[in-house]
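coords-v8.txt (compact mmCIF, C-alpha atoms) appears below.
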```txt
# COMPACT_ATOMS: atom_id res chain seq x y z
CA MET A 139 -6.69 -8.72 -16.72
CA THR A 140 -5.80 -5.03 -16.47
CA LEU A 141 -6.75 -3.46 -13.14
CA ILE A 142 -5.56 0.09 -13.78
CA SER A 143 -4.55 1.90 -16.94
CA LEU A 144 -2.78 5.29 -17.04
CA GLU A 145 -2.80 7.13 -20.36
CA ASN A 146 -0.77 10.31 -20.90
CA VAL A 147 -1.08 11.20 -17.22
CA GLY A 148 0.49 14.39 -15.90
CA VAL A 149 0.62 15.96 -12.44
CA ALA A 150 1.75 19.50 -11.61
CA TYR A 151 2.13 21.34 -8.30
CA ASP A 152 2.21 25.15 -8.25
CA GLY A 153 3.19 25.28 -11.90
CA HIS A 154 5.93 22.65 -11.53
CA GLN A 155 5.40 19.57 -13.70
CA VAL A 156 6.17 16.54 -11.51
CA LEU A 157 4.91 13.85 -13.91
CA SER A 158 4.24 14.06 -17.63
CA ASP A 159 3.07 11.66 -20.35
CA VAL A 160 2.86 8.68 -18.00
CA ASN A 161 1.58 5.50 -19.64
CA LEU A 162 1.36 2.42 -17.44
CA THR A 163 -0.86 -0.63 -16.99
CA ILE A 164 -1.20 -2.69 -13.81
CA GLY A 165 -2.36 -6.29 -14.16
CA GLU A 166 -4.06 -8.49 -11.60
CA ARG A 167 -0.91 -10.41 -10.60
CA ASP A 168 1.68 -7.69 -11.14
CA PHE A 169 4.30 -7.02 -8.46
CA ILE A 170 5.85 -3.68 -9.35
CA GLY A 171 8.69 -1.89 -7.60
CA ILE A 172 8.69 1.87 -8.06
CA ILE A 173 12.12 3.50 -7.82
CA GLY A 174 13.65 6.86 -8.66
CA PRO A 175 15.39 9.92 -7.19
CA ASN A 176 13.92 12.05 -4.43
CA GLY A 177 11.52 14.50 -6.02
CA GLY A 178 11.25 12.37 -9.14
CA GLY A 179 7.55 11.69 -8.64
CA LYS A 180 7.35 8.25 -7.00
CA THR A 181 4.84 9.20 -4.31
CA THR A 182 3.01 11.50 -6.73
CA LEU A 183 2.48 8.54 -9.07
CA VAL A 184 0.98 6.58 -6.18
CA LYS A 185 -1.28 9.50 -5.26
CA ALA A 186 -2.47 9.76 -8.85
CA ILE A 187 -3.37 6.07 -8.87
CA LEU A 188 -5.19 6.50 -5.54
CA GLY A 189 -7.03 9.52 -6.92
CA THR A 190 -5.80 11.94 -4.24
CA VAL A 191 -4.14 14.47 -6.58
CA HIS A 192 -5.47 16.29 -9.63
CA HIS A 193 -4.08 14.96 -12.90
CA THR A 194 -4.38 15.39 -16.60
CA GLY A 195 -4.74 12.46 -18.97
CA ARG A 196 -6.81 9.40 -18.12
CA ILE A 197 -6.68 6.85 -15.28
CA THR A 198 -9.09 3.95 -15.74
CA LEU A 199 -9.93 1.52 -12.92
CA SER A 200 -11.37 -1.90 -13.71
CA PRO A 201 -14.86 -2.63 -12.29
CA THR A 202 -13.23 -5.57 -10.47
CA LEU A 203 -11.56 -3.02 -8.18
CA PHE A 204 -14.94 -2.20 -6.67
CA ARG A 205 -17.28 -4.03 -4.32
CA GLY A 206 -20.36 -1.87 -4.52
CA ARG A 207 -19.09 1.59 -3.58
CA GLU A 208 -16.02 0.17 -1.81
CA GLN A 209 -12.73 0.53 -3.67
CA LEU A 210 -10.64 -2.64 -3.35
CA ILE A 211 -7.26 -0.91 -3.07
CA GLY A 212 -5.25 -1.35 0.12
CA TYR A 213 -2.76 1.39 0.96
CA MET A 214 0.15 1.31 3.40
CA PRO A 215 1.48 4.88 3.79
CA GLN A 216 4.93 5.90 4.87
CA GLN A 217 5.08 5.57 8.64
CA SER A 218 6.12 9.22 8.93
CA ASN A 219 2.78 10.21 7.36
CA PHE A 220 0.73 8.42 10.04
CA ASP A 221 -0.25 10.39 13.16
CA ARG A 222 1.09 8.31 16.04
CA ALA A 223 -0.24 10.87 18.53
CA PHE A 224 -3.84 10.03 17.64
CA PRO A 225 -5.51 8.32 20.65
CA ILE A 226 -6.27 4.96 19.06
CA SER A 227 -5.24 1.37 19.79
CA VAL A 228 -3.34 -0.92 17.43
CA LEU A 229 -6.47 -3.04 16.92
CA GLU A 230 -8.48 0.07 16.06
CA VAL A 231 -5.85 1.10 13.51
CA VAL A 232 -6.27 -2.24 11.75
CA LEU A 233 -10.07 -1.95 11.89
CA SER A 234 -9.90 1.47 10.25
CA GLY A 235 -8.97 -0.36 7.04
CA LEU A 236 -12.65 -1.42 6.85
CA GLN A 237 -14.04 2.11 6.80
CA GLY A 238 -14.35 2.07 3.01
CA ARG A 239 -16.87 -0.74 3.47
CA LYS A 240 -18.40 0.27 6.80
CA GLY A 241 -18.33 4.06 6.64
CA PHE A 242 -17.11 6.31 9.42
CA ARG A 243 -20.19 6.10 11.64
CA THR A 244 -20.80 2.34 11.58
CA ARG A 245 -19.72 0.31 14.61
CA PHE A 246 -17.38 -2.58 13.99
CA SER A 247 -18.84 -6.03 14.66
CA SER A 248 -17.36 -8.80 16.77
CA GLU A 249 -16.51 -10.57 13.50
CA ASP A 250 -14.61 -7.50 12.31
CA ARG A 251 -12.64 -7.38 15.55
CA ALA A 252 -11.90 -11.10 15.37
CA LEU A 253 -10.59 -10.69 11.81
CA ALA A 254 -8.35 -7.77 12.84
CA PHE A 255 -7.00 -9.76 15.78
CA ARG A 256 -6.25 -12.78 13.56
CA LEU A 257 -4.27 -10.54 11.21
CA LEU A 258 -2.27 -9.19 14.16
CA GLN A 259 -1.63 -12.76 15.29
CA ARG A 260 -0.30 -13.72 11.87
CA ALA A 261 1.88 -10.60 11.93
CA GLY A 262 3.25 -11.63 15.34
CA ILE A 263 2.04 -8.56 17.24
CA ALA A 264 -1.23 -9.70 18.83
CA GLN A 265 0.28 -8.90 22.22
CA VAL A 266 0.11 -5.15 21.48
CA ALA A 267 -3.46 -5.18 20.08
CA ASP A 268 -4.76 -2.98 22.91
CA SER A 269 -1.69 -0.74 23.13
CA PRO A 270 -1.88 2.91 22.00
CA ILE A 271 -0.44 3.21 18.50
CA GLY A 272 2.06 5.81 19.72
CA GLU A 273 3.67 3.40 22.17
CA ILE A 274 4.76 0.58 19.88
CA SER A 275 8.03 0.16 18.00
CA GLY A 276 8.65 1.10 14.37
CA GLY A 277 8.63 -2.54 13.29
CA GLN A 278 5.37 -3.21 15.11
CA MET A 279 3.90 -0.10 13.53
CA GLN A 280 4.76 -1.34 10.04
CA ARG A 281 3.15 -4.70 10.77
CA ALA A 282 0.00 -2.96 12.03
CA LEU A 283 -0.19 -0.74 8.94
CA LEU A 284 0.18 -3.78 6.67
CA CYS A 285 -2.67 -5.51 8.52
CA ARG A 286 -4.75 -2.35 8.06
CA ALA A 287 -4.00 -2.34 4.32
CA VAL A 288 -5.08 -5.96 3.72
CA ILE A 289 -8.04 -6.36 6.11
CA SER A 290 -10.55 -5.45 3.37
CA ALA A 291 -9.17 -8.18 1.05
CA PRO A 292 -8.06 -5.72 -1.67
CA ARG A 293 -7.26 -6.69 -5.25
CA LEU A 294 -4.44 -4.12 -5.36
CA LEU A 295 -2.03 -3.35 -2.52
CA ILE A 296 0.09 -0.18 -2.61
CA LEU A 297 2.98 0.27 -0.19
CA ASP A 298 5.04 3.46 0.18
CA GLU A 299 8.55 2.73 1.53
CA PRO A 300 7.39 -0.20 3.71
CA SER A 301 10.89 -1.19 4.90
CA ASN A 302 11.65 2.17 6.53
CA PHE A 303 12.19 2.08 10.31
CA VAL A 304 12.55 -1.72 10.45
CA ASP A 305 15.37 -4.18 11.00
CA ASN A 306 16.62 -6.80 8.55
CA LYS A 307 14.61 -9.58 10.18
CA PHE A 308 11.30 -7.80 9.70
CA GLU A 309 12.27 -6.68 6.21
CA ASN A 310 12.83 -10.31 5.18
CA GLU A 311 9.54 -11.34 6.80
CA LEU A 312 7.75 -8.51 5.02
CA TYR A 313 9.01 -9.53 1.60
CA SER A 314 8.07 -13.17 2.25
CA THR A 315 4.57 -12.03 3.23
CA LEU A 316 4.27 -9.90 0.09
CA ARG A 317 5.22 -12.84 -2.13
CA LEU A 318 2.32 -14.81 -0.60
CA LEU A 319 -0.09 -11.89 -0.92
CA ASN A 320 0.87 -11.50 -4.59
CA ARG A 321 -0.80 -14.86 -5.27
CA ARG A 322 -4.17 -13.16 -4.78
CA MET A 323 -3.56 -9.44 -5.38
CA ALA A 324 -1.43 -7.08 -7.43
CA ILE A 325 1.21 -5.13 -5.50
CA ILE A 326 2.88 -1.78 -6.10
CA MET A 327 5.77 -0.99 -3.78
CA VAL A 328 7.69 2.29 -3.63
CA SER A 329 11.26 1.78 -2.42
CA HIS A 330 14.67 3.43 -2.40
CA ASP A 331 16.43 0.07 -1.92
CA VAL A 332 16.86 -0.81 -5.58
CA GLU A 333 19.17 -3.79 -5.27
CA THR A 334 17.02 -5.52 -2.64
CA ILE A 335 13.68 -5.15 -4.35
CA ARG A 336 15.05 -6.39 -7.68
CA HIS A 337 15.04 -9.84 -6.07
CA ILE A 338 11.47 -9.43 -4.79
CA VAL A 339 9.35 -7.74 -7.47
CA LYS A 340 8.55 -8.85 -11.00
CA ASP A 341 8.94 -5.48 -12.73
CA ILE A 342 10.72 -2.21 -11.98
CA VAL A 343 9.16 1.15 -12.84
CA LYS A 344 11.71 3.96 -12.75
CA VAL A 345 10.09 7.35 -12.12
CA ASN A 346 11.84 10.63 -12.84
CA GLY A 347 9.23 12.95 -14.29
CA GLN A 348 8.27 10.17 -16.71
CA VAL A 349 8.19 6.40 -16.22
CA GLN A 350 10.14 3.51 -17.68
CA ARG A 351 9.15 -0.10 -16.99
CA SER A 352 11.44 -3.11 -17.26
CA PRO A 353 11.65 -6.68 -15.90
CA ALA A 354 13.28 -6.81 -12.47
CA LYS A 355 15.63 -9.66 -13.32
```
Show the structure stored in the file as structure tokens.
Amino acid sequence: MTLISLENVGVAYDGHQVLSDVNLTIGERDFIGIIGPNGGGKTTLVKAILGTVHHTGRITLSPTLFRGREQLIGYMPQQSNFDRAFPISVLEVVLSGLQGRKGFRTRFSSEDRALAFRLLQRAGIAQVADSPIGEISGGQMQRALLCRAVISAPRLLILDEPSNFVDNKFENELYSTLRLLNRRMAIIMVSHDVETIRHIVKDIVKVNGQVQRSPAK
């Protein structure tokens, strides 16, 4: 089943064409690695899929990506794009992944908090659940952001450079976790580490203004 279809999609900033004539389909068990040079449009492609930038062409989302008004797409941003100075605990960061379902004014239930804590336990960082997000390590931050991205049980998970700021041990754990998650959701992962992700993903999409898809192996 196709979850997302991009047809002749283009994105321009201030008159500069970043992406043009992009055609791409994302299936329900795809695991896609997005690679390409800096400035080639990797993050812009992700933003177009997420609907956060204006684009030309057509992007079609399957009805299965919605639960009522909630969009079932989990997103793990680059750590550098997350405000670590915001006065919020690690547990609250994970819970914020439910705001698409709950809204911004709804209080989180005890069941929500228990689910967030279980995810932190599985990620091995339950001990920092009550710590301010600005006081934990880079590796712990990445684990927390992954928990935040999957707490709503998405059908598509998008990760932007998830292995930045982490050591080899966590990187290997992350990729093992993603393989398991791919059994129940599609995954798109932006990365600069081409040789490593070739052994993890199923397909490679090279982005440099346009896109080219090929099997990873």
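Between atom CA of A:Ile342 and atom CA of A:Ile172 the separation is 6.0 Å.
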Residue contacts of A:Pro225 (9 Å, only C-alpha atoms) excluding same-chain residues fewer than 2 positions away, as a PDB file with C-alpha atoms, in the coordinates of the input:
```
ATOM      1  CA  ARG A 222       1.090   8.310  16.040  1.00  0.00           C
ATOM      2  CA  ALA A 223      -0.240  10.870  18.530  1.00  0.00           C
ATOM      3  CA  SER A 227      -5.240   1.370  19.790  1.00  0.00           C
ATOM      4  CA  PRO A 270      -1.880   2.910  22.000  1.00  0.00           C
ATOM      5  CA  ILE A 271      -0.440   3.210  18.500  1.00  0.00           C
ATOM      6  CA  GLY A 272       2.060   5.810  19.720  1.00  0.00           C
TER       7      GLY A 272
END
```
Kindly assemble as a tab-separated table a list of the stretch 293-324 of chain A residues that lie within 12 Å of stretch 258-261 of chain A, each paired with its nearest atom pair and their distance in Å to one decimal, using only C-alpha atoms, sorted first by chain and then by ascending residue number.
```
residue	atom	partner	partner_atom	distance
A:Phe308	CA	A:Ala261	CA	10.1
A:Glu311	CA	A:Ala261	CA	9.2
A:Leu312	CA	A:Ala261	CA	9.3
A:Ser314	CA	A:Ala261	CA	11.8
A:Thr315	CA	A:Ala261	CA	9.2
```
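The spacing separating atom CA of A:Ser329 from atom CA of A:Pro300 amounts to 7.5 Å.
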Counting all atoms listed in the file, what is within 9 Å of A:Val339, bar same-chain residues fewer than 3 positions away, as a tab-separated table (two decimals) with C-alpha atoms, keeping the file's coordinate frame?
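Listing of part_5.tsv after writing:
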```
chain	number	residue	atom	x	y	z
A	168	ASP	CA	1.68	-7.69	-11.14
A	169	PHE	CA	4.30	-7.02	-8.46
A	170	ILE	CA	5.85	-3.68	-9.35
A	171	GLY	CA	8.69	-1.89	-7.60
A	317	ARG	CA	5.22	-12.84	-2.13
A	325	ILE	CA	1.21	-5.13	-5.50
A	326	ILE	CA	2.88	-1.78	-6.10
A	327	MET	CA	5.77	-0.99	-3.78
A	335	ILE	CA	13.68	-5.15	-4.35
A	336	ARG	CA	15.05	-6.39	-7.68
A	342	ILE	CA	10.72	-2.21	-11.98
A	353	PRO	CA	11.65	-6.68	-15.90
A	354	ALA	CA	13.28	-6.81	-12.47
A	355	LYS	CA	15.63	-9.66	-13.32
```
Next on the checklist: Using all atoms listed in the file, can you tell me which of A:Leu141, A:Ile296, A:Ile197, A:Cys285 comes closest to A:Arg167?
Outcome noted: A:Leu141
Checklist entry - Could you name the residues that touch A:Ile274 at 10 Å or less, counting only C-alpha atoms, but leaving out those on the same chain fewer than 6 positions away, as a list of chain:residue names? => result A:Arg222, A:Val228, A:Ile263, A:Val266, A:Ala282
Checklist entry - With all atoms listed in the file as the basis for distance, which of A:Gly189, A:Gly174, A:Gly195, A:Gly235 is at the shortest distance from A:Gly148? => result A:Gly195
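Note that atom CA of A:Leu203 and atom CA of A:Ser247 are 24.2 Å apart.
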Taking (-11.5, 2.6, -4.7) as a centre in this file's frame and 10 Å as the limit, can you find every polymer residue with an atom that close, using all atoms listed in the file, and give them as a compact mmCIF listing (two decimals) with C-alpha atoms, in the coordinates of the input?
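Dumped everything to selection_1.txt:
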```txt
# COMPACT_ATOMS: atom_id res chain seq x y z
CA ILE A 187 -3.37 6.07 -8.87
CA LEU A 188 -5.19 6.50 -5.54
CA GLY A 189 -7.03 9.52 -6.92
CA LEU A 199 -9.93 1.52 -12.92
CA PRO A 201 -14.86 -2.63 -12.29
CA LEU A 203 -11.56 -3.02 -8.18
CA PHE A 204 -14.94 -2.20 -6.67
CA ARG A 205 -17.28 -4.03 -4.32
CA GLY A 206 -20.36 -1.87 -4.52
CA ARG A 207 -19.09 1.59 -3.58
CA GLU A 208 -16.02 0.17 -1.81
CA GLN A 209 -12.73 0.53 -3.67
CA LEU A 210 -10.64 -2.64 -3.35
CA ILE A 211 -7.26 -0.91 -3.07
CA GLY A 212 -5.25 -1.35 0.12
CA GLY A 238 -14.35 2.07 3.01
CA PRO A 292 -8.06 -5.72 -1.67
CA LEU A 294 -4.44 -4.12 -5.36
```
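Using all atoms listed in the file for every distance, the candidate list A:Lys180, A:Arg293, A:Arg251, A:Arg281 yields A:Arg293 as the residue closest to A:Ser200.
The protein and nucleic acid residues lying at most 7 Å from A:Tyr213 are Ala287, Leu295, Ile296 and Leu297 of chain A, with all atoms listed in the file considered and sequence neighbours fewer than 4 positions away removed.
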Checklist entry - Neighbours of A:Asn346 within 12 Å (only C-alpha atoms; same-chain residues fewer than 5 positions away dropped), as JSON, numbers by chain? => result {"A": [155, 156, 157, 158, 159, 160, 172, 173, 174, 175, 176, 177, 178, 179, 180, 181, 182, 183, 351]}
Writer output for current selection, C-alpha atoms, as an mmCIF file, in the coordinates of the input:
```cif
data_model
loop_
_atom_site.group_PDB
_atom_site.id
_atom_site.type_symbol
_atom_site.label_atom_id
_atom_site.label_comp_id
_atom_site.auth_asym_id
_atom_site.auth_seq_id
_atom_site.Cartn_x
_atom_site.Cartn_y
_atom_site.Cartn_z
ATOM 1 C CA GLN A 155 5.400 19.570 -13.700
ATOM 2 C CA VAL A 156 6.170 16.540 -11.510
ATOM 3 C CA LEU A 157 4.910 13.850 -13.910
ATOM 4 C CA SER A 158 4.240 14.060 -17.630
ATOM 5 C CA ASP A 159 3.070 11.660 -20.350
ATOM 6 C CA VAL A 160 2.860 8.680 -18.000
ATOM 7 C CA ILE A 172 8.690 1.870 -8.060
ATOM 8 C CA ILE A 173 12.120 3.500 -7.820
ATOM 9 C CA GLY A 174 13.650 6.860 -8.660
ATOM 10 C CA PRO A 175 15.390 9.920 -7.190
ATOM 11 C CA ASN A 176 13.920 12.050 -4.430
ATOM 12 C CA GLY A 177 11.520 14.500 -6.020
ATOM 13 C CA GLY A 178 11.250 12.370 -9.140
ATOM 14 C CA GLY A 179 7.550 11.690 -8.640
ATOM 15 C CA LYS A 180 7.350 8.250 -7.000
ATOM 16 C CA THR A 181 4.840 9.200 -4.310
ATOM 17 C CA THR A 182 3.010 11.500 -6.730
ATOM 18 C CA LEU A 183 2.480 8.540 -9.070
ATOM 19 C CA ARG A 351 9.150 -0.100 -16.990
#
```
Starting from the block above, write stretch 170-252 of chain A out to a file with C-alpha atoms, as a JSON list (two decimals), in the first residue's frame, please.
```json
[["chain", "number", "residue", "atom", "x", "y", "z"],
["A", 170, "ILE", "CA", 14.38, 4.68, 2.90],
["A", 171, "GLY", "CA", 17.71, 6.37, 3.47],
["A", 172, "ILE", "CA", 17.92, 9.91, 2.10],
["A", 173, "ILE", "CA", 21.42, 11.04, 1.16],
["A", 174, "GLY", "CA", 22.98, 13.88, -0.79],
["A", 175, "PRO", "CA", 25.29, 16.90, -0.55],
["A", 176, "ASN", "CA", 24.75, 19.78, 1.85],
["A", 177, "GLY", "CA", 22.24, 22.14, 0.28],
["A", 178, "GLY", "CA", 21.02, 19.44, -2.08],
["A", 179, "GLY", "CA", 17.51, 19.42, -0.61],
["A", 180, "LYS", "CA", 17.44, 16.49, 1.84],
["A", 181, "THR", "CA", 15.78, 18.35, 4.70],
["A", 182, "THR", "CA", 13.61, 20.31, 2.26],
["A", 183, "LEU", "CA", 12.25, 17.02, 0.91],
["A", 184, "VAL", "CA", 11.36, 15.97, 4.45],
["A", 185, "LYS", "CA", 9.66, 19.32, 5.10],
["A", 186, "ALA", "CA", 7.64, 18.95, 1.92],
["A", 187, "ILE", "CA", 6.45, 15.51, 3.02],
["A", 188, "LEU", "CA", 5.57, 16.91, 6.45],
["A", 189, "GLY", "CA", 3.71, 19.79, 4.82],
["A", 190, "THR", "CA", 5.77, 22.54, 6.47],
["A", 191, "VAL", "CA", 7.01, 24.23, 3.27],
["A", 192, "HIS", "CA", 5.11, 25.52, 0.25],
["A", 193, "HIS", "CA", 5.51, 23.31, -2.82],
["A", 194, "THR", "CA", 4.33, 22.96, -6.35],
["A", 195, "GLY", "CA", 3.14, 19.67, -7.78],
["A", 196, "ARG", "CA", 1.09, 17.20, -5.76],
["A", 197, "ILE", "CA", 1.71, 15.33, -2.48],
["A", 198, "THR", "CA", -0.97, 12.78, -1.66],
["A", 199, "LEU", "CA", -1.29, 11.18, 1.79],
["A", 200, "SER", "CA", -3.17, 7.91, 2.21],
["A", 201, "PRO", "CA", -6.24, 8.01, 4.50],
["A", 202, "THR", "CA", -4.46, 5.34, 6.58],
["A", 203, "LEU", "CA", -2.05, 8.07, 7.74],
["A", 204, "PHE", "CA", -4.86, 9.67, 9.72],
["A", 205, "ARG", "CA", -6.68, 8.75, 12.91],
["A", 206, "GLY", "CA", -9.52, 11.23, 12.88],
["A", 207, "ARG", "CA", -7.76, 14.60, 12.63],
["A", 208, "GLU", "CA", -4.48, 13.18, 13.96],
["A", 209, "GLN", "CA", -1.74, 12.64, 11.38],
["A", 210, "LEU", "CA", 0.09, 9.35, 11.99],
["A", 211, "ILE", "CA", 3.56, 10.60, 11.07],
["A", 212, "GLY", "CA", 6.26, 10.58, 13.74],
["A", 213, "TYR", "CA", 9.11, 13.05, 13.30],
["A", 214, "MET", "CA", 12.52, 13.09, 14.97],
["A", 215, "PRO", "CA", 14.21, 16.44, 14.15],
["A", 216, "GLN", "CA", 17.90, 17.16, 14.15],
["A", 217, "GLN", "CA", 18.96, 17.65, 17.75],
["A", 218, "SER", "CA", 20.35, 21.08, 16.89],
["A", 219, "ASN", "CA", 16.82, 22.17, 15.91],
["A", 220, "PHE", "CA", 15.36, 21.33, 19.35],
["A", 221, "ASP", "CA", 15.37, 24.05, 22.01],
["A", 222, "ARG", "CA", 17.21, 22.48, 24.95],
["A", 223, "ALA", "CA", 16.78, 25.68, 26.97],
["A", 224, "PHE", "CA", 13.01, 25.19, 27.14],
["A", 225, "PRO", "CA", 12.01, 24.44, 30.77],
["A", 226, "ILE", "CA", 10.59, 20.96, 30.27],
["A", 227, "SER", "CA", 11.45, 17.51, 31.61],
["A", 228, "VAL", "CA", 12.50, 14.51, 29.53],
["A", 229, "LEU", "CA", 9.17, 12.80, 30.27],
["A", 230, "GLU", "CA", 7.28, 15.90, 29.14],
["A", 231, "VAL", "CA", 9.26, 15.96, 25.89],
["A", 232, "VAL", "CA", 8.13, 12.41, 25.16],
["A", 233, "LEU", "CA", 4.52, 13.27, 26.06],
["A", 234, "SER", "CA", 4.57, 16.18, 23.64],
["A", 235, "GLY", "CA", 4.50, 13.58, 20.86],
["A", 236, "LEU", "CA", 0.81, 13.04, 21.76],
["A", 237, "GLN", "CA", -0.23, 16.64, 21.15],
["A", 238, "GLY", "CA", -1.49, 15.81, 17.66],
["A", 239, "ARG", "CA", -4.05, 13.57, 19.35],
["A", 240, "LYS", "CA", -4.60, 15.49, 22.58],
["A", 241, "GLY", "CA", -4.24, 19.10, 21.49],
["A", 242, "PHE", "CA", -2.17, 21.71, 23.28],
["A", 243, "ARG", "CA", -4.60, 22.43, 26.11],
["A", 244, "THR", "CA", -5.52, 18.88, 27.12],
["A", 245, "ARG", "CA", -3.90, 17.43, 30.23],
["A", 246, "PHE", "CA", -2.04, 14.16, 29.84],
["A", 247, "SER", "CA", -3.58, 11.20, 31.65],
["A", 248, "SER", "CA", -1.86, 8.76, 33.99],
["A", 249, "GLU", "CA", -2.02, 6.22, 31.15],
["A", 250, "ASP", "CA", -0.22, 8.65, 28.84],
["A", 251, "ARG", "CA", 2.50, 9.19, 31.43],
["A", 252, "ALA", "CA", 2.85, 5.46, 32.02]]
```
